[in-house]
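Written out below as structure tokens is the structure these notes cover.
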Amino acid sequence: MTMLGAGNKLSPLGLLSLVIRRDLVLAMRRRADVLTTLVFFVMVVSLFPLGVGPELDMLRKMAPGVVWVAALLASMLSLGRLFSADYLDGTLEQILLAPQSLSLLVLGKILAHWMVSGLPLVLIAPVLGLQFDMSAQALWVLIAALLLGTPILSMIGAVGAALTLGLRGGGVLVSLLVLPLCIPVLIFGAGAVEAVSTGMSVVSHLSLLGAMLLLALVFTPWVTAQALRISME
Amino acid sequence: METPIAMLEISDLACARGDHRLFSGMSFSLSAGELLQVEGVNGSGKTSLLRTLCGFMIPEAGVVRWRGEDIRERREEYHAEMIYLGHLNAIKDELNALENLHINAGLAGYALDDKQAIAALRRMGLRGRETLPVKVLSQGQRRRVALARLLVGNAPLWILDEPLTALDVSAVGLMQELIGEHLANNGMVIYTTHQPLEVAGVVTRRLSLS
């Protein structure tokens, strides 16, 4: 129908990878945004040993909770960016008009968001754990729990971000909406690390986190897609 | 000559923004090769009408049908056959023109190769600007990057909201040419504009909102 000839049809997976690659490239070109989240996480976690003092027993006990609460707050910090840039420059309109399932595109955006704002936290957490004198075993469990838990935070957060899109003061509102929903992740994530320190099995905690991840993976992209349609009206 | 088959049918459409009723009882249809200009003063609901035709806004009453099916029920099939260009360009400042076109084509469902993308950008008069970050381009050039999307898809229905904003005389001429070619290929165009847009050999249908 056109003079230049259209390109080939893009498969759903091709589109998914296009969305992820696009968001990663954009994140690399706006590196300051990514770094603020990471620096915030490092700062908050590092403030505790300084504030509480060098009592190793106490630090070891509070380490999992501190790391998880800091990860939760850091992920709230980055939620505002998930859809707002696309909303402001009109890309979101085009995303809604894509001849593919909107849930799939949303999933791509969530995955890219996690790679940029969740994965770095997972990677740096063991280093921060050393400040709390965590054992090697506890550090491994911390990594596993964060690997399962941070994607859930991104997915629940995406629903909140989509609902508050275009609202004034959306940043605070999204935290108020999303933080209570993240409590189970916090409990089982921090619980897993505590369990290993007290010599109990961590399997149940990690399985529950895994189950929550699967549930979130199935439902949140669809819910987010519906929320985006409402926000764009 | 056989009677043309209506591709897009709007029946008894009513649209409101908040409590304010913009229009109601609107019915029209569009068949292959037709050009429709939506006219009206500021705030008369031109953009709302176009957004309703895209399926962003749910009409208060009435239906929009594409090939006889309600667009809200056949969303993906409909979206594969239409292109919408709104007030916002949907291009990223951090990316260059080529990357932007690749992404926009991808969202519309096409995988482009570089040759096609560069050819489209050159046709839009962006030769030599293909790999510059969009943030260094002027408003008119950004608009051209956005319009390049029209060249790389094969959607029969174009919905253009103020396509001529920020374009210079030569770009307006180019748009007239592109719309003419699209209509000659049995395409359909619905647009709003405050500038005159005449396409040679085509009768522009007008729809006035008051």
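Letters A, B, ... go to the chains of the structure tokens in the order shown; residues in each chain start at 1; ligands are counted from 1 in the same order.
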
* **For A:Ile20: contacts at 9 Å, only C-alpha atoms, fewer than 6 positions along chain excluded, given as a PyMOL selection string** => chain A and resi 105+108-113

Produce a file of the selected residues containing N, CA and C atoms, as an mmCIF file, in the first residue's frame.
data_model
loop_
_atom_site.group_PDB
_atom_site.id
_atom_site.type_symbol
_atom_site.label_atom_id
_atom_site.label_comp_id
_atom_site.auth_asym_id
_atom_site.auth_seq_id
_atom_site.Cartn_x
_atom_site.Cartn_y
_atom_site.Cartn_z
ATOM 1 N N LEU A 105 3.230 -6.252 25.880
ATOM 2 C CA LEU A 105 4.075 -5.057 25.848
ATOM 3 C C LEU A 105 4.358 -4.568 27.261
ATOM 4 N N GLY A 108 6.943 -6.625 28.865
ATOM 5 C CA GLY A 108 8.268 -6.210 28.397
ATOM 6 C C GLY A 108 8.779 -5.006 29.153
ATOM 7 N N LYS A 109 7.904 -4.026 29.344
ATOM 8 C CA LYS A 109 8.310 -2.818 30.053
ATOM 9 C C LYS A 109 8.665 -3.135 31.508
ATOM 10 N N ILE A 110 7.872 -4.029 32.130
ATOM 11 C CA ILE A 110 8.134 -4.385 33.527
ATOM 12 C C ILE A 110 9.484 -5.113 33.634
ATOM 13 N N LEU A 111 9.731 -6.046 32.714
ATOM 14 C CA LEU A 111 10.994 -6.794 32.760
ATOM 15 C C LEU A 111 12.184 -5.851 32.597
ATOM 16 N N ALA A 112 12.068 -4.921 31.637
ATOM 17 C CA ALA A 112 13.159 -3.971 31.427
ATOM 18 C C ALA A 112 13.350 -3.117 32.678
ATOM 19 N N HIS A 113 12.236 -2.709 33.278
ATOM 20 C CA HIS A 113 12.323 -1.898 34.481
ATOM 21 C C HIS A 113 13.023 -2.654 35.598
#

* **Interface list for chain A, partner chain B, 10 Å threshold, only C-alpha atoms, as a VMD selection string** => chain A and resid 1 to 12 14 to 16 18 to 19 21 to 22 25 to 30 85 to 102 105 229 to 233

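Proximity of A:Leu104, A:Leu217, A:Val34, A:Val193 to A:Ser117, computed with only C-alpha atoms, is greatest for A:Val34.
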
* as a ChimeraX atom specification, which residues of stretch 21-189 of chain B does DSSP assign to strand (DSSP E or B)? -> /B:21-31,35-39,61-66,69-70,82-85,96,110-111,133,157-161,188-189

Could you turn the residues from that selection into a file that holds C-alpha atoms, as a PDB file, in the first residue's frame?
ATOM      1  CA  ARG B  21     -21.357  17.136  25.841  1.00  0.00           C
ATOM      2  CA  LEU B  22     -19.137  17.615  22.782  1.00  0.00           C
ATOM      3  CA  PHE B  23     -21.334  16.101  20.094  1.00  0.00           C
ATOM      4  CA  SER B  24     -24.089  13.550  19.744  1.00  0.00           C
ATOM      5  CA  GLY B  25     -25.947  11.686  17.057  1.00  0.00           C
ATOM      6  CA  MET B  26     -22.966  11.728  14.727  1.00  0.00           C
ATOM      7  CA  SER B  27     -23.064   9.245  11.880  1.00  0.00           C
ATOM      8  CA  PHE B  28     -20.837   8.915   8.854  1.00  0.00           C
ATOM      9  CA  SER B  29     -18.924   6.308   6.961  1.00  0.00           C
ATOM     10  CA  LEU B  30     -15.715   6.168   5.034  1.00  0.00           C
ATOM     11  CA  SER B  31     -14.785   3.916   2.139  1.00  0.00           C
ATOM     12  CA  LEU B  35     -10.411  11.830   2.464  1.00  0.00           C
ATOM     13  CA  LEU B  36     -12.289  13.301   5.413  1.00  0.00           C
ATOM     14  CA  GLN B  37     -11.438  16.573   7.058  1.00  0.00           C
ATOM     15  CA  VAL B  38     -12.846  17.185  10.522  1.00  0.00           C
ATOM     16  CA  GLU B  39     -13.480  20.883  11.033  1.00  0.00           C
ATOM     17  CA  ALA B  61     -23.375   6.293  22.967  1.00  0.00           C
ATOM     18  CA  GLY B  62     -23.020   4.774  19.527  1.00  0.00           C
ATOM     19  CA  VAL B  63     -20.484   2.476  17.939  1.00  0.00           C
ATOM     20  CA  VAL B  64     -17.489   2.698  15.662  1.00  0.00           C
ATOM     21  CA  ARG B  65     -17.305  -0.211  13.234  1.00  0.00           C
ATOM     22  CA  TRP B  66     -14.372  -1.295  11.088  1.00  0.00           C
ATOM     23  CA  GLU B  69     -17.191  -5.160  13.465  1.00  0.00           C
ATOM     24  CA  ASP B  70     -17.199  -3.043  16.628  1.00  0.00           C
ATOM     25  CA  MET B  82      -4.764   1.895  11.239  1.00  0.00           C
ATOM     26  CA  ILE B  83      -2.138   4.483  12.063  1.00  0.00           C
ATOM     27  CA  TYR B  84      -2.809   7.311  14.489  1.00  0.00           C
ATOM     28  CA  LEU B  85      -0.672  10.408  14.685  1.00  0.00           C
ATOM     29  CA  ASN B  96      18.166   9.117  16.893  1.00  0.00           C
ATOM     30  CA  TYR B 110       6.631  -4.253  11.465  1.00  0.00           C
ATOM     31  CA  ALA B 111      10.263  -5.234  11.570  1.00  0.00           C
ATOM     32  CA  PRO B 133      19.849  12.433  18.442  1.00  0.00           C
ATOM     33  CA  LEU B 157      -6.628   3.938   7.607  1.00  0.00           C
ATOM     34  CA  TRP B 158      -4.682   7.021   8.649  1.00  0.00           C
ATOM     35  CA  ILE B 159      -6.017   9.128  11.500  1.00  0.00           C
ATOM     36  CA  LEU B 160      -4.025  12.342  11.671  1.00  0.00           C
ATOM     37  CA  ASP B 161      -4.536  14.994  14.325  1.00  0.00           C
ATOM     38  CA  MET B 188      -8.399   6.336   3.763  1.00  0.00           C
ATOM     39  CA  VAL B 189      -7.426   9.457   5.658  1.00  0.00           C
TER      40      VAL B 189
END
